[in-house]
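Participant: My structure is below; once you've seen it, I'll send some questions.
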Amino acid sequence: MPKILLADDSIAVRKVAERLLTEAGLSVTLAANGEEALAYLAKERPDVVVSDVIMPDKSGYEVCAFIRGSATLSATPVLLISGIVNDEVTKQAESCRADGVLKKPFQGTSLKDRVLELIAKRQEPAPAAVGGSAPAPIAAPVEKTTPIPDQQQQSLRQEASKLKEVEEQLRAERLRSEELTKRLSESTEQLAKAKASEMQLAAERKRVSDLQETLAKVEQQLSRIPELESALKAEQDTVSVFKQEALNWQKASSRIAELESALNTEQAAAEQLVQQLADLEQVSIKAREVEAKLASVERQEADLRQKIQDLEVELSEERQKGSETMGQLHELEKVATRVQELEGLLTEERDRNGMLARRVVEAEQAAESATKRLEEMARKLSEIAGLASQLGNGRGQS
């Protein structure tokens, strides 16, 4: 099988030429530049050399001159290829005694035909060499070959354009590969440290996942604070119209009883969450801040519960007085004054609850920041969440 050496700095051209020559049953060796081509020629003797005219190191003219100056390679046919074929290129090809110049991009089977033609000429018996003979004539450029249909020429031009784009992309990929190689070296150095800290990170993620479950419960409980604030506002409105309608005291008393029950439930849940957060004190500084804020929530809710109980007693007394005579209504007005004072207290409590809500939002944001960094391990720790839930139930029963 005839051997062909193809030298071109464009990977797109090399791939197209290799495909065309391989389909013709030829063995093709590729060289990315002139230096690679000369290194190959120093060891092997191809049947035909196809070389690009312009390459980064050694040009096609220099490759051809090297072949003609070698005793063992001087008879090897050399076909130059170039994107531009003009008088200057033709003269330089003649000066280095090339066997022809072919224009890129290749049209149809022009490359295959020219290479097969050179192989056939080489296999023909050659006349005896005469010293000082003139250089071998240069074959006609590709323009003199059989015309190619315009549609096929346009298709080949488009394919050549796409190949040039691919070539540019591949050059960019080479640069990226070099950069990635450097980054890989740096990453290898960091990998040992990453593995060393992996176990510590897993333990920390386990703890923070437990904190995540607890904070989720806190969020569910604290989501009811706006409802409590709304209830307190409703009670404040009820107290403000107490002088006009005595029957509203009974409704207000019933509402306050419901509010007291809700507050008791919230207090129990808050106490349970505070106890759970106490067990997670060593997880991180963020967890301790959340625990302190939850303890503050507990104290605020306890104060609010006590004041609402006092309000319940006062409202009960006023309800009894409301059923008495007009003389007792005078006393009721005094109670109304007391209710106004309670209204002021409720307003203060509402402000405190607003401050508490803001603090809880800050705690939620801190918890969410910790959760996002460790959420990839959350699903692996569902068993830990179950244990935390059993611990909370045990605390509630005790």
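Naming works like this for the structure tokens: A, B, ... for the chains as they're shown, residue 1 at the start of each chain, ligands 1 onward in shown order.
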If you count only C-alpha atoms, which residues fall within 8 Å of Ala37 (chain A), apart from same-chain ones fewer than 5 positions away, as a list in words?

Facilitator: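 Result of the neighbour search: Leu5, Leu6, Ala7, Ala31, Ala32 and Val63 of chain A.
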
Participant: Under the rule that only C-alpha atoms are counted, which of A:Val241, A:Asn393, A:Lys206, A:Gly100 is the nearest residue to Ala268 (chain A)?

Facilitator: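 Of A:Val241, A:Asn393, A:Lys206, A:Gly100, the one nearest Ala268 (chain A), counting only C-alpha atoms, is A:Asn393.
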
Participant: To one decimal place in Å, what is the distance between CA of Glu213 (chain A) and CA of Leu356 (chain A)?

Facilitator: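 About the pair CA of Glu213 (chain A) and CA of Leu356 (chain A): they are 21.1 Å apart.
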
Participant: Just give me the gap between CA of Val166 (chain A) and CA of Ile11 (chain A) in Å, one decimal is fine.

Facilitator: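 CA of Val166 (chain A) sits 8.6 Å away from CA of Ile11 (chain A).
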
Participant: What does the distance between CA of Glu314 (chain A) and CA of Arg338 (chain A) come to in Å, to one decimal place?

Facilitator: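 We find that CA of Glu314 (chain A) and CA of Arg338 (chain A) lie 8.4 Å from each other.
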
Participant: Can you pull out every residue within 10 Å of Ile54 (chain A), counting only C-alpha atoms, but drop anything in the same chain fewer than 3 positions away, and send it as a PyMOL selection string?

Facilitator: chain A and resi 8-9+33-34+51+57-61+80-83

Participant: For Ser369 (chain A), list every protein, DNA or RNA residue within 12 Å, evaluated using only C-alpha atoms, and leave out those in the same chain fewer than 5 positions away; present the list as JSON, numbers by chain.

Facilitator: {"A": [208, 212, 286, 287, 362, 363, 364, 374, 375]}

Participant: Would you kindly return, as a list in words, each protein, DNA or RNA residue with an atom no farther than 10 Å from any atom of Ala385 (chain A), considering only C-alpha atoms and excluding same-chain residues fewer than 4 positions away?

Facilitator: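 The residues that qualify are Lys206, Ser209, Asp210, Leu211, Gln212, Glu213, Thr214, Ala378, Arg379, Leu381, Ser389, Gln390 and Leu391 of chain A.
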
Participant: List every residue of region 46-85 of chain A that DSSP, applied to the backbone of this structure, places in alpha helix (DSSP H), and write the result as number ranges by chain.

Facilitator: A: 60-69
